[in-house]
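Dropping input.cif in here (mmCIF, C-alpha atoms and all ligand atoms):
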data_upload
loop_
_atom_site.group_PDB
_atom_site.id
_atom_site.type_symbol
_atom_site.label_atom_id
_atom_site.label_comp_id
_atom_site.auth_asym_id
_atom_site.auth_seq_id
_atom_site.Cartn_x
_atom_site.Cartn_y
_atom_site.Cartn_z
ATOM 1 C CA MET N 1 104.169 -72.291 -91.897
ATOM 2 C CA GLN N 2 102.064 -70.884 -94.720
ATOM 3 C CA ASP N 3 99.160 -72.859 -96.084
ATOM 4 C CA ARG N 4 99.875 -74.741 -99.214
ATOM 5 C CA ILE N 5 98.189 -73.020 -102.175
ATOM 6 C CA PHE N 6 96.750 -75.128 -104.988
ATOM 7 C CA GLY N 7 96.204 -73.354 -108.289
ATOM 8 C CA HIS N 8 97.638 -70.087 -109.582
ATOM 9 C CA ILE N 9 99.469 -67.839 -107.164
ATOM 10 C CA PRO N 10 97.747 -64.439 -106.998
ATOM 11 C CA GLY N 11 99.873 -61.867 -108.795
ATOM 12 C CA VAL N 12 101.903 -64.382 -110.810
ATOM 13 C CA GLU N 13 101.104 -64.627 -114.512
ATOM 14 C CA GLU N 14 101.480 -67.746 -116.576
ATOM 15 C CA GLY N 15 104.682 -67.338 -118.612
ATOM 16 C CA GLN N 16 106.340 -65.232 -115.932
ATOM 17 C CA GLU N 17 110.086 -65.882 -115.652
ATOM 18 C CA PHE N 18 112.320 -66.066 -112.622
ATOM 19 C CA PRO N 19 116.125 -65.845 -112.648
ATOM 20 C CA ASP N 20 116.691 -68.595 -110.090
ATOM 21 C CA ARG N 21 115.113 -70.963 -107.581
ATOM 22 C CA THR N 22 115.292 -68.389 -104.809
ATOM 23 C CA GLU N 23 113.112 -65.967 -106.755
ATOM 24 C CA LEU N 24 110.807 -68.805 -107.692
ATOM 25 C CA ARG N 25 110.494 -69.648 -104.019
ATOM 26 C CA LEU N 26 109.835 -66.050 -102.977
ATOM 27 C CA SER N 27 107.059 -65.762 -105.563
ATOM 28 C CA GLY N 28 105.262 -68.682 -103.896
ATOM 29 C CA VAL N 29 105.143 -70.679 -107.134
ATOM 30 C CA HIS N 30 107.480 -73.418 -105.876
ATOM 31 C CA ARG N 31 108.753 -73.208 -102.332
ATOM 32 C CA PRO N 32 111.339 -76.007 -102.016
ATOM 33 C CA LEU N 33 114.765 -74.844 -103.194
ATOM 34 C CA GLN N 34 116.035 -78.281 -104.173
ATOM 35 C CA HIS N 35 113.167 -80.706 -104.603
ATOM 36 C CA GLY N 36 111.347 -80.962 -107.898
ATOM 37 C CA ILE N 37 108.048 -81.792 -106.179
ATOM 38 C CA SER N 38 106.386 -79.492 -103.667
ATOM 39 C CA GLY N 39 103.778 -81.257 -101.590
ATOM 40 C CA SER N 40 102.994 -83.719 -98.862
ATOM 41 C CA LYS N 41 101.315 -87.074 -98.818
ATOM 42 C CA PHE N 42 98.528 -85.600 -96.663
ATOM 43 C CA GLU N 43 97.720 -82.567 -98.797
ATOM 44 C CA GLY N 44 98.882 -83.510 -102.280
ATOM 45 C CA ALA N 45 101.431 -81.873 -104.567
ATOM 46 C CA ASP N 46 100.861 -78.223 -105.469
ATOM 47 C CA SER N 47 103.849 -77.683 -107.785
ATOM 48 C CA ILE N 48 106.644 -79.334 -109.762
ATOM 49 C CA VAL N 49 109.763 -78.021 -111.475
ATOM 50 C CA LEU N 50 111.143 -79.627 -114.624
ATOM 51 C CA SER N 51 114.842 -78.978 -114.327
ATOM 52 C CA GLY N 52 116.450 -81.633 -116.473
ATOM 53 C CA GLY N 53 117.422 -83.865 -113.620
ATOM 54 C CA TYR N 54 115.718 -87.027 -114.836
ATOM 55 C CA GLU N 55 116.762 -88.819 -117.986
ATOM 56 C CA ASP N 56 113.320 -90.384 -118.473
ATOM 57 C CA ASP N 57 111.224 -87.197 -118.423
ATOM 58 C CA GLN N 58 109.193 -86.540 -121.577
ATOM 59 C CA ASP N 59 107.718 -83.186 -122.432
ATOM 60 C CA GLU N 60 105.315 -82.546 -125.270
ATOM 61 C CA GLY N 61 104.117 -79.220 -123.989
ATOM 62 C CA ASP N 62 100.535 -79.928 -122.997
ATOM 63 C CA VAL N 63 101.350 -83.473 -121.909
ATOM 64 C CA ILE N 64 104.271 -84.240 -119.653
ATOM 65 C CA ILE N 65 105.423 -87.664 -118.519
ATOM 66 C CA TYR N 66 107.197 -86.731 -115.340
ATOM 67 C CA THR N 67 109.570 -89.023 -113.492
ATOM 68 C CA GLY N 68 109.072 -89.239 -109.759
ATOM 69 C CA HIS N 69 111.596 -88.481 -107.093
ATOM 70 C CA GLY N 70 114.368 -90.674 -105.708
ATOM 71 C CA GLY N 71 117.116 -93.094 -106.619
ATOM 72 C CA ARG N 72 119.149 -90.573 -108.573
ATOM 73 C CA ASP N 73 122.847 -89.845 -108.306
ATOM 74 C CA PRO N 74 123.023 -86.076 -107.741
ATOM 75 C CA ASP N 75 126.261 -85.658 -109.700
ATOM 76 C CA SER N 76 125.597 -87.646 -112.844
ATOM 77 C CA GLY N 77 121.791 -87.417 -112.866
ATOM 78 C CA ARG N 78 121.741 -91.154 -113.523
ATOM 79 C CA GLN N 79 119.191 -93.398 -111.929
ATOM 80 C CA VAL N 80 121.176 -95.620 -109.556
ATOM 81 C CA GLY N 81 118.393 -96.987 -107.352
ATOM 82 C CA ASP N 82 114.714 -97.916 -107.527
ATOM 83 C CA GLN N 83 112.121 -95.253 -106.802
ATOM 84 C CA ARG N 84 109.435 -95.773 -104.208
ATOM 85 C CA LEU N 85 105.919 -94.472 -103.988
ATOM 86 C CA ASP N 86 106.603 -92.205 -101.017
ATOM 87 C CA GLU N 87 107.198 -88.525 -100.173
ATOM 88 C CA GLY N 88 106.780 -86.287 -103.232
ATOM 89 C CA ASN N 89 105.731 -89.230 -105.371
ATOM 90 C CA LEU N 90 102.907 -90.029 -102.978
ATOM 91 C CA ALA N 91 101.955 -86.339 -102.972
ATOM 92 C CA LEU N 92 101.463 -86.545 -106.762
ATOM 93 C CA VAL N 93 99.304 -89.652 -106.270
ATOM 94 C CA VAL N 94 97.089 -87.702 -103.848
ATOM 95 C CA SER N 95 96.814 -84.910 -106.429
ATOM 96 C CA CYS N 96 95.787 -87.466 -109.043
ATOM 97 C CA LEU N 97 93.174 -89.129 -106.839
ATOM 98 C CA ASN N 98 91.698 -85.794 -105.733
ATOM 99 C CA GLY N 99 91.955 -83.899 -109.018
ATOM 100 C CA LEU N 100 94.189 -81.161 -107.616
ATOM 101 C CA PRO N 101 95.860 -78.747 -110.068
ATOM 102 C CA VAL N 102 99.658 -78.770 -110.091
ATOM 103 C CA ARG N 103 101.720 -75.708 -111.043
ATOM 104 C CA VAL N 104 104.400 -76.539 -113.611
ATOM 105 C CA THR N 105 107.645 -74.580 -113.953
ATOM 106 C CA ARG N 106 110.259 -75.321 -116.610
ATOM 107 C CA GLY N 107 113.939 -74.631 -115.999
ATOM 108 C CA HIS N 108 116.624 -73.817 -118.564
ATOM 109 C CA ARG N 109 118.403 -77.148 -118.060
ATOM 110 C CA HIS N 110 115.265 -79.120 -118.865
ATOM 111 C CA ARG N 111 115.744 -80.694 -122.303
ATOM 112 C CA SER N 112 112.739 -79.526 -124.259
ATOM 113 C CA PRO N 113 112.000 -76.941 -126.954
ATOM 114 C CA ASP N 114 109.603 -75.490 -124.397
ATOM 115 C CA SER N 115 112.339 -74.717 -121.884
ATOM 116 C CA PRO N 116 113.320 -71.115 -121.216
ATOM 117 C CA ARG N 117 116.835 -70.076 -122.256
ATOM 118 C CA THR N 118 117.739 -68.938 -118.798
ATOM 119 C CA GLY N 119 116.234 -69.251 -115.361
ATOM 120 C CA TYR N 120 112.742 -70.645 -114.753
ATOM 121 C CA ARG N 121 109.355 -70.004 -116.284
ATOM 122 C CA TYR N 122 105.961 -70.651 -114.696
ATOM 123 C CA ASP N 123 103.892 -72.503 -117.310
ATOM 124 C CA GLY N 124 100.498 -72.802 -115.675
ATOM 125 C CA LEU N 125 98.348 -75.550 -114.223
ATOM 126 C CA TYR N 126 98.293 -79.237 -115.050
ATOM 127 C CA ARG N 127 96.432 -82.149 -113.610
ATOM 128 C CA VAL N 128 97.845 -85.584 -112.907
ATOM 129 C CA THR N 129 95.773 -88.029 -114.936
ATOM 130 C CA ASP N 130 97.671 -91.289 -114.470
ATOM 131 C CA TYR N 131 100.602 -92.820 -112.679
ATOM 132 C CA TRP N 132 102.416 -96.109 -113.057
ATOM 133 C CA ARG N 133 105.720 -97.842 -112.589
ATOM 134 C CA GLU N 134 108.210 -98.996 -115.185
ATOM 135 C CA ARG N 135 111.882 -99.693 -115.764
ATOM 136 C CA GLY N 136 113.652 -96.529 -116.823
ATOM 137 C CA GLN N 137 116.579 -96.259 -119.239
ATOM 138 C CA SER N 138 118.856 -97.216 -116.356
ATOM 139 C CA GLY N 139 117.028 -100.499 -115.746
ATOM 140 C CA ARG N 140 115.849 -99.186 -112.359
ATOM 141 C CA ILE N 141 112.215 -98.931 -111.295
ATOM 142 C CA ILE N 142 110.842 -95.439 -111.734
ATOM 143 C CA TRP N 143 107.398 -93.978 -111.066
ATOM 144 C CA ARG N 144 105.886 -91.949 -113.849
ATOM 145 C CA PHE N 145 103.167 -89.337 -113.731
ATOM 146 C CA ARG N 146 101.176 -88.127 -116.684
ATOM 147 C CA LEU N 147 100.317 -84.438 -116.446
ATOM 148 C CA GLU N 148 97.882 -82.726 -118.795
ATOM 149 C CA LYS N 149 97.528 -79.000 -119.090
ATOM 150 C CA TYR N 150 94.376 -77.203 -118.062
ATOM 151 C CA HIS N 151 93.343 -74.912 -120.868
ATOM 152 C CA SER N 152 91.677 -71.613 -120.245
ATOM 153 C CA ALA N 153 88.397 -72.952 -121.604
ATOM 154 C CA GLN N 154 88.352 -75.649 -118.942
ATOM 155 C CA SER N 155 87.400 -74.419 -115.551
ATOM 156 C CA VAL N 156 90.104 -75.007 -113.042
ATOM 157 C CA PRO N 157 88.422 -75.787 -109.762
ATOM 158 C CA SER N 158 88.617 -72.842 -107.421
ATOM 159 C CA LYS N 159 91.036 -72.869 -104.565
ATOM 160 C CA SER N 160 88.284 -73.095 -101.988
ATOM 161 C CA SER N 161 87.293 -76.488 -103.311
ATOM 162 C CA PHE N 162 90.573 -78.028 -102.251
ATOM 163 C CA GLN N 163 89.813 -78.394 -98.600
ATOM 164 C CA PRO N 164 91.792 -81.475 -97.718
ATOM 165 C CA GLN N 165 89.337 -84.208 -96.905
ATOM 166 C CA LEU N 166 91.096 -87.517 -96.388
ATOM 167 C CA LEU N 167 94.225 -85.681 -95.867
ATOM 168 C CA LYS N 168 95.107 -84.445 -92.421
ATOM 169 C CA PRO N 169 95.722 -87.311 -90.034
ATOM 170 C CA LEU N 170 93.311 -87.374 -87.135
ATOM 171 C CA LEU N 171 95.152 -86.350 -84.002
ATOM 172 C CA VAL N 172 94.315 -88.233 -80.846
ATOM 173 C CA HIS N 173 93.231 -85.128 -78.937
ATOM 174 C CA ASP N 174 90.862 -84.222 -81.770
ATOM 175 C CA VAL N 175 88.840 -87.374 -81.567
ATOM 176 C CA GLN N 176 86.211 -86.218 -79.106
ATOM 177 C CA THR N 177 85.921 -82.592 -80.076
ATOM 178 C CA GLU N 178 82.836 -81.318 -81.839
ATOM 179 C CA TYR N 179 82.177 -82.325 -85.392
ATOM 180 C CA LEU N 180 82.430 -79.560 -87.921
ATOM 181 C CA PRO N 181 80.356 -79.628 -91.086
ATOM 182 C CA ALA N 182 82.283 -81.116 -93.966
ATOM 183 C CA PRO N 183 83.597 -78.539 -96.421
ATOM 184 C CA ARG N 184 81.675 -78.282 -99.662
ATOM 185 C CA GLU N 185 83.508 -79.712 -102.555
ATOM 186 C CA GLU N 186 83.117 -79.610 -106.265
ATOM 187 C CA THR N 187 83.392 -82.905 -107.965
ATOM 188 C CA TYR N 188 84.588 -83.259 -111.473
ATOM 189 C CA ILE N 189 85.396 -86.189 -113.650
ATOM 190 C CA GLN N 190 88.917 -87.347 -113.160
ATOM 191 C CA ARG N 191 88.813 -90.779 -114.715
ATOM 192 C CA ILE N 192 87.565 -90.891 -118.252
ATOM 193 C CA ILE N 193 84.914 -93.538 -118.744
ATOM 194 C CA ARG N 194 85.310 -94.774 -122.282
ATOM 195 C CA ASN N 195 82.177 -96.133 -123.854
ATOM 196 C CA THR N 196 83.431 -97.518 -127.109
ATOM 197 C CA GLU N 197 81.607 -100.086 -129.196
ATOM 198 C CA LYS N 198 83.853 -102.842 -127.848
ATOM 199 C CA ALA N 199 83.235 -101.623 -124.318
ATOM 200 C CA ARG N 200 79.472 -101.836 -124.839
ATOM 201 C CA LEU N 201 79.904 -105.345 -126.235
ATOM 202 C CA ILE N 202 81.685 -106.591 -123.129
ATOM 203 C CA LYS N 203 79.249 -104.874 -120.765
ATOM 204 C CA GLY N 204 76.418 -106.487 -122.705
ATOM 205 C CA LEU N 205 78.071 -109.911 -122.515
ATOM 206 C CA TYR N 206 78.119 -109.714 -118.715
ATOM 207 C CA LYS N 207 74.779 -107.840 -118.598
ATOM 208 C CA GLY N 208 76.508 -105.288 -116.385
ATOM 209 C CA TYR N 209 77.567 -107.738 -113.687
ATOM 210 C CA CYS N 210 81.031 -106.989 -112.330
ATOM 211 C CA GLN N 211 83.641 -109.613 -113.223
ATOM 212 C CA VAL N 212 85.189 -109.228 -109.773
ATOM 213 C CA CYS N 213 82.306 -109.083 -107.277
ATOM 214 C CA GLY N 214 79.409 -110.329 -109.411
ATOM 215 C CA GLN N 215 77.307 -107.307 -108.428
ATOM 216 C CA ARG N 216 75.450 -104.929 -110.688
ATOM 217 C CA LEU N 217 74.241 -101.395 -109.940
ATOM 218 C CA GLU N 218 70.483 -101.449 -110.423
ATOM 219 C CA LEU N 219 69.008 -98.141 -111.516
ATOM 220 C CA GLY N 220 65.245 -98.682 -111.527
ATOM 221 C CA GLY N 221 64.741 -100.715 -114.677
ATOM 222 C CA THR N 222 68.217 -100.310 -116.057
ATOM 223 C CA TRP N 223 71.732 -100.839 -114.796
ATOM 224 C CA TYR N 224 75.138 -99.226 -114.778
ATOM 225 C CA ALA N 225 78.556 -100.815 -115.299
ATOM 226 C CA GLU N 226 81.922 -99.612 -116.517
ATOM 227 C CA ALA N 227 84.327 -100.993 -119.092
ATOM 228 C CA ALA N 228 87.884 -101.115 -117.804
ATOM 229 C CA HIS N 229 90.797 -101.271 -120.198
ATOM 230 C CA ILE N 230 93.427 -103.587 -118.754
ATOM 231 C CA ARG N 231 96.302 -101.912 -120.585
ATOM 232 C CA PRO N 232 95.251 -98.251 -120.835
ATOM 233 C CA LEU N 233 94.475 -96.647 -124.171
ATOM 234 C CA GLY N 234 96.582 -93.789 -125.461
ATOM 235 C CA GLU N 235 100.161 -92.663 -125.004
ATOM 236 C CA PRO N 236 102.373 -93.995 -123.636
ATOM 237 C CA HIS N 237 100.634 -97.308 -122.868
ATOM 238 C CA ASN N 238 98.952 -97.761 -126.250
ATOM 239 C CA GLY N 239 96.629 -100.512 -125.140
ATOM 240 C CA PRO N 240 94.166 -101.581 -127.845
ATOM 241 C CA ASP N 241 90.420 -101.023 -127.727
ATOM 242 C CA THR N 242 89.696 -104.715 -128.199
ATOM 243 C CA THR N 243 87.582 -107.146 -126.213
ATOM 244 C CA ASP N 244 90.694 -109.061 -125.092
ATOM 245 C CA ASN N 245 91.755 -105.885 -123.249
ATOM 246 C CA ILE N 246 88.416 -104.948 -121.643
ATOM 247 C CA LEU N 247 86.713 -106.003 -118.416
ATOM 248 C CA CYS N 248 83.181 -105.280 -117.222
ATOM 249 C CA LEU N 249 83.513 -103.870 -113.699
ATOM 250 C CA CYS N 250 81.437 -102.048 -111.113
ATOM 251 C CA PRO N 251 82.685 -98.487 -110.416
ATOM 252 C CA ASN N 252 84.378 -99.523 -107.170
ATOM 253 C CA HIS N 253 86.353 -102.317 -108.754
ATOM 254 C CA HIS N 254 87.136 -100.127 -111.746
ATOM 255 C CA VAL N 255 88.780 -97.509 -109.513
ATOM 256 C CA LEU N 256 90.641 -100.157 -107.523
ATOM 257 C CA PHE N 257 91.864 -101.763 -110.741
ATOM 258 C CA ASP N 258 92.889 -98.504 -112.447
ATOM 259 C CA TYR N 259 94.917 -97.454 -109.427
ATOM 260 C CA GLY N 260 96.540 -100.838 -108.975
ATOM 261 C CA ALA N 261 94.965 -101.964 -105.693
ATOM 262 C CA PHE N 262 94.445 -105.347 -107.305
ATOM 263 C CA SER N 263 95.478 -107.160 -110.433
ATOM 264 C CA ILE N 264 94.943 -110.515 -112.151
ATOM 265 C CA ASP N 265 97.361 -113.375 -112.668
ATOM 266 C CA ASP N 266 97.625 -115.546 -115.773
ATOM 267 C CA ASP N 267 95.196 -118.062 -114.281
ATOM 268 C CA TYR N 268 92.672 -115.277 -113.565
ATOM 269 C CA ASN N 269 93.183 -115.391 -109.818
ATOM 270 C CA LEU N 270 92.887 -111.952 -108.269
ATOM 271 C CA LEU N 271 96.018 -110.491 -106.693
ATOM 272 C CA GLY N 272 95.650 -108.139 -103.746
ATOM 273 C CA ILE N 273 92.062 -109.174 -103.044
ATOM 274 C CA GLU N 274 90.370 -112.534 -102.579
ATOM 275 C CA GLY N 275 88.807 -114.431 -105.414
ATOM 276 C CA ARG N 276 88.969 -115.140 -109.059
ATOM 277 C CA LEU N 277 87.939 -113.198 -112.147
ATOM 278 C CA ILE N 278 84.533 -114.174 -113.494
ATOM 279 C CA LEU N 279 85.143 -114.989 -117.134
ATOM 280 C CA LYS N 280 82.760 -116.223 -119.805
ATOM 281 C CA ALA N 281 84.103 -118.805 -122.234
ATOM 282 C CA GLU N 282 83.689 -116.499 -125.227
ATOM 283 C CA HIS N 283 85.641 -113.698 -123.557
ATOM 284 C CA ILE N 284 89.316 -114.398 -124.263
ATOM 285 C CA LEU N 285 91.751 -112.078 -122.517
ATOM 286 C CA ASN N 286 95.230 -111.349 -123.804
ATOM 287 C CA ARG N 287 97.721 -112.355 -121.120
ATOM 288 C CA GLU N 288 100.191 -109.729 -122.316
ATOM 289 C CA HIS N 289 97.750 -107.043 -121.195
ATOM 290 C CA LEU N 290 97.343 -108.709 -117.799
ATOM 291 C CA HIS N 291 101.109 -108.811 -117.538
ATOM 292 C CA TYR N 292 101.319 -105.114 -118.411
ATOM 293 C CA HIS N 293 98.823 -104.210 -115.701
ATOM 294 C CA ARG N 294 100.647 -106.275 -113.076
ATOM 295 C CA ASN N 295 104.002 -104.720 -113.947
ATOM 296 C CA HIS N 296 102.919 -101.087 -114.230
ATOM 297 C CA TYR N 297 99.995 -100.622 -111.867
ATOM 298 C CA TYR N 298 99.740 -103.346 -109.262
ATOM 299 C CA ARG N 299 100.972 -101.884 -106.002
ATOM 300 C CA ALA N 300 101.554 -104.897 -103.752
ATOM 301 C CA VAL N 301 104.644 -106.242 -105.457
HETATM 302 ZN ZN ZN N 401 82.705 -105.149 -108.428
#

Represent the structure from my file as structure tokens, please.
Ligand SMILES: [Zn+2]
Amino acid sequence: MQDRIFGHIPGVEEGQEFPDRTELRLSGVHRPLQHGISGSKFEGADSIVLSGGYEDDQDEGDVIIYTGHGGRDPDSGRQVGDQRLDEGNLALVVSCLNGLPVRVTRGHRHRSPDSPRTGYRYDGLYRVTDYWRERGQSGRIIWRFRLEKYHSAQSVPSKSSFQPQLLKPLLVHDVQTEYLPAPREETYIQRIIRNTEKARLIKGLYKGYCQVCGQRLELGGTWYAEAAHIRPLGEPHNGPDTTDNILCLCPNHHVLFDYGAFSIDDDYNLLGIEGRLILKAEHILNREHLHYHRNHYYRAV
């Protein structure tokens, strides 16, 4: 089996069209003939095809809200069951967490002004910037992935930087073989740290101490903390940048919170990890935002 290629396929131009899925497969852009997501949960997703199969997909060109795989009736295209965070969906999660570029191809049946009239068109590289769960138009649970286009001015990480790190499972017979040096990797910012005035206010209120673990990162005379928006800012979540929607967290708890490893109940008990949110009397949280986070991000439901 060929290695999975992340990034552009050599010899294929952005905007190049293909008459059908077979040609698309032969080009190397998207190898599965049926599935919309190409990838594995160990390596990540390298490619998706928007083919009009999912009623909840949204496409604004540079930003796509893509519906995950599963639970769909193949004849009607209707969502008849809940989706789970497995297979291709989990591959997109790995791409999000590791900042891997995803090739996007639009098909003629995809309902968007950006769709080609016939066949399939390769539309370049996107990155997965967020994922969450919600009830789709059918009332069933769907997983959604926000993809944002890489523009030519932004450097797309080179292919060599995508050496899978957490990814391949350790085989038993590998355990006692020699240790190879870890591949060099570029790091780049995946999560956007938003330092708004309200964010600074909340960090100041807690003096940088994390509301989950009570720890603060000391940096020789100063400190570092992050402001976490409970309901994310921006489309499609539209959380407000207000102090009732902001927590002061250490980077570890910020990542765990953003990716739904824990959440907070209405009495400020932590869900998914032990303990209770540290909350100052003057810091009033909006329970609707807590509810939103539990419903869309918290994984252990
Ligand atoms: Zn913490």

Any idea what's packed within 9 Å of range 38-49 of chain N, counting all atoms listed in the file, ignoring anything in its chain fewer than 3 positions away? Could you give it as a ChimeraX atom specification?
/N:4-7,29-32,35,86-96,98,100-107,120,122,125,163-169

Identify the residues within 12 Å of coordinate (115.4, -102.0, -112.7) (same frame as the file), considering only C-alpha atoms, and give the answer as a list in words.
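Using only C-alpha atoms, the matching residues come out as Gly71, Gln79, Val80, Gly81, Asp82, Gln83, Arg133, Glu134, Arg135, Gly136, Gln137, Ser138, Gly139, Arg140, Ile141, Ile142, Trp143 and Asn295 of chain N.
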
Output as a tab-separated table one row per residue of chain N within 8 Å of ligand ZN 401 (chain N): the closest atom pair and its distance in Å to one decimal place, counting only C-alpha atoms and all ligand atoms, sorted by chain and residue number ascending.
residue	atom	partner	partner_atom	distance
N:Tyr209	CA	N:ZN401	ZN	7.8
N:Cys210	CA	N:ZN401	ZN	4.6
N:Gln211	CA	N:ZN401	ZN	6.6
N:Val212	CA	N:ZN401	ZN	5.0
N:Cys213	CA	N:ZN401	ZN	4.1
N:Gly214	CA	N:ZN401	ZN	6.2
N:Gln215	CA	N:ZN401	ZN	5.8
N:Arg216	CA	N:ZN401	ZN	7.6
N:Leu249	CA	N:ZN401	ZN	5.5
N:Cys250	CA	N:ZN401	ZN	4.3
N:Pro251	CA	N:ZN401	ZN	7.0
N:Asn252	CA	N:ZN401	ZN	6.0
N:His253	CA	N:ZN401	ZN	4.6
N:His254	CA	N:ZN401	ZN	7.5

From the options N:Gly61, N:Gly275, N:Gly70, N:Gly220, which residue's atoms come nearest to Arg84 in chain N, counting all atoms listed in the file?
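The answer is N:Gly70, which sits nearest to Arg84 in chain N.
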
What's the separation between CA of Asp57 in chain N and CA of Leu26 in chain N, in Å to one decimal place?
26.2 Å

Applying 8 Å and only C-alpha atoms, which residues near Pro240 in chain N remain after dropping the ones on its own chain fewer than 6 positions away? List them as a list in words.
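Neighbouring residues, sequence-local ones excluded: Arg231, Pro232 and Leu233 of chain N.
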
Translate the PyMOL selection byres (((chain N and resi 19) around 12) and not hetatm), as applied to the file shown, into an explicit residue set as an mmCIF file with C-alpha atoms, keeping the file's coordinate frame.
data_model
loop_
_atom_site.group_PDB
_atom_site.id
_atom_site.type_symbol
_atom_site.label_atom_id
_atom_site.label_comp_id
_atom_site.auth_asym_id
_atom_site.auth_seq_id
_atom_site.Cartn_x
_atom_site.Cartn_y
_atom_site.Cartn_z
ATOM 1 C CA GLN N 16 106.340 -65.232 -115.932
ATOM 2 C CA GLU N 17 110.086 -65.882 -115.652
ATOM 3 C CA PHE N 18 112.320 -66.066 -112.622
ATOM 4 C CA ASP N 20 116.691 -68.595 -110.090
ATOM 5 C CA ARG N 21 115.113 -70.963 -107.581
ATOM 6 C CA THR N 22 115.292 -68.389 -104.809
ATOM 7 C CA GLU N 23 113.112 -65.967 -106.755
ATOM 8 C CA LEU N 24 110.807 -68.805 -107.692
ATOM 9 C CA ARG N 25 110.494 -69.648 -104.019
ATOM 10 C CA LEU N 26 109.835 -66.050 -102.977
ATOM 11 C CA SER N 27 107.059 -65.762 -105.563
ATOM 12 C CA ARG N 106 110.259 -75.321 -116.610
ATOM 13 C CA GLY N 107 113.939 -74.631 -115.999
ATOM 14 C CA HIS N 108 116.624 -73.817 -118.564
ATOM 15 C CA PRO N 116 113.320 -71.115 -121.216
ATOM 16 C CA ARG N 117 116.835 -70.076 -122.256
ATOM 17 C CA THR N 118 117.739 -68.938 -118.798
ATOM 18 C CA GLY N 119 116.234 -69.251 -115.361
ATOM 19 C CA TYR N 120 112.742 -70.645 -114.753
ATOM 20 C CA ARG N 121 109.355 -70.004 -116.284
ATOM 21 C CA TYR N 122 105.961 -70.651 -114.696
#

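If you look at CA of Gln2 in chain N and CA of Gly36 in chain N, they are 19.0 Å away from each other.
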
Length of the CA of His110 in chain N to CA of Asp3 in chain N vector [Å]
28.6 Å

Which of these residues is nearest to Lys203 in chain N, using only C-alpha atoms: N:Lys280, N:Leu271, N:Gly221, N:Arg127?
N:Lys280

Glu235 in chain N surroundings by only C-alpha atoms, 12 Å radius, close-in-sequence under 3 positions cut, as a JSON list (two decimals) with C-alpha atoms, in the frame of the given file:
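Output file around-v7.json follows:
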[["chain", "number", "residue", "atom", "x", "y", "z"],
["N", 58, "GLN", "CA", 109.19, -86.54, -121.58],
["N", 60, "GLU", "CA", 105.32, -82.55, -125.27],
["N", 63, "VAL", "CA", 101.35, -83.47, -121.91],
["N", 64, "ILE", "CA", 104.27, -84.24, -119.65],
["N", 65, "ILE", "CA", 105.42, -87.66, -118.52],
["N", 129, "THR", "CA", 95.77, -88.03, -114.94],
["N", 130, "ASP", "CA", 97.67, -91.29, -114.47],
["N", 146, "ARG", "CA", 101.18, -88.13, -116.68],
["N", 147, "LEU", "CA", 100.32, -84.44, -116.45],
["N", 148, "GLU", "CA", 97.88, -82.73, -118.80],
["N", 231, "ARG", "CA", 96.30, -101.91, -120.58],
["N", 232, "PRO", "CA", 95.25, -98.25, -120.84],
["N", 238, "ASN", "CA", 98.95, -97.76, -126.25],
["N", 239, "GLY", "CA", 96.63, -100.51, -125.14],
["N", 240, "PRO", "CA", 94.17, -101.58, -127.84]]

Residue IDs satisfying the PyMOL selection byres (((chain N and resi 274) around 12) and not hetatm), as a PDB file with C-alpha atoms, keeping the file's coordinate frame:
ATOM      1  CA  VAL N 212      85.189-109.228-109.773  1.00  0.00           C
ATOM      2  CA  CYS N 213      82.306-109.083-107.277  1.00  0.00           C
ATOM      3  CA  ALA N 261      94.965-101.964-105.693  1.00  0.00           C
ATOM      4  CA  PHE N 262      94.445-105.347-107.305  1.00  0.00           C
ATOM      5  CA  SER N 263      95.478-107.160-110.433  1.00  0.00           C
ATOM      6  CA  ILE N 264      94.943-110.515-112.151  1.00  0.00           C
ATOM      7  CA  TYR N 268      92.672-115.277-113.565  1.00  0.00           C
ATOM      8  CA  ASN N 269      93.183-115.391-109.818  1.00  0.00           C
ATOM      9  CA  LEU N 270      92.887-111.952-108.269  1.00  0.00           C
ATOM     10  CA  LEU N 271      96.018-110.491-106.693  1.00  0.00           C
ATOM     11  CA  GLY N 272      95.650-108.139-103.746  1.00  0.00           C
ATOM     12  CA  ILE N 273      92.062-109.174-103.044  1.00  0.00           C
ATOM     13  CA  GLY N 275      88.807-114.431-105.414  1.00  0.00           C
ATOM     14  CA  ARG N 276      88.969-115.140-109.059  1.00  0.00           C
ATOM     15  CA  LEU N 277      87.939-113.198-112.147  1.00  0.00           C
TER      16      LEU N 277
END

Selected residue of minimal separation from Asp265 in chain N among N:Tyr224, N:Tyr206, N:Tyr126, N:Tyr298, counting all atoms listed in the file:
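Closest candidate: N:Tyr298.
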
Under the rule that all atoms listed in the file are counted, which of N:Lys207, N:His283, N:Lys198, N:Arg144 is the nearest residue to Thr67 in chain N?
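Looking only at the distances to Thr67 in chain N, the closest residue turns out to be N:Arg144.
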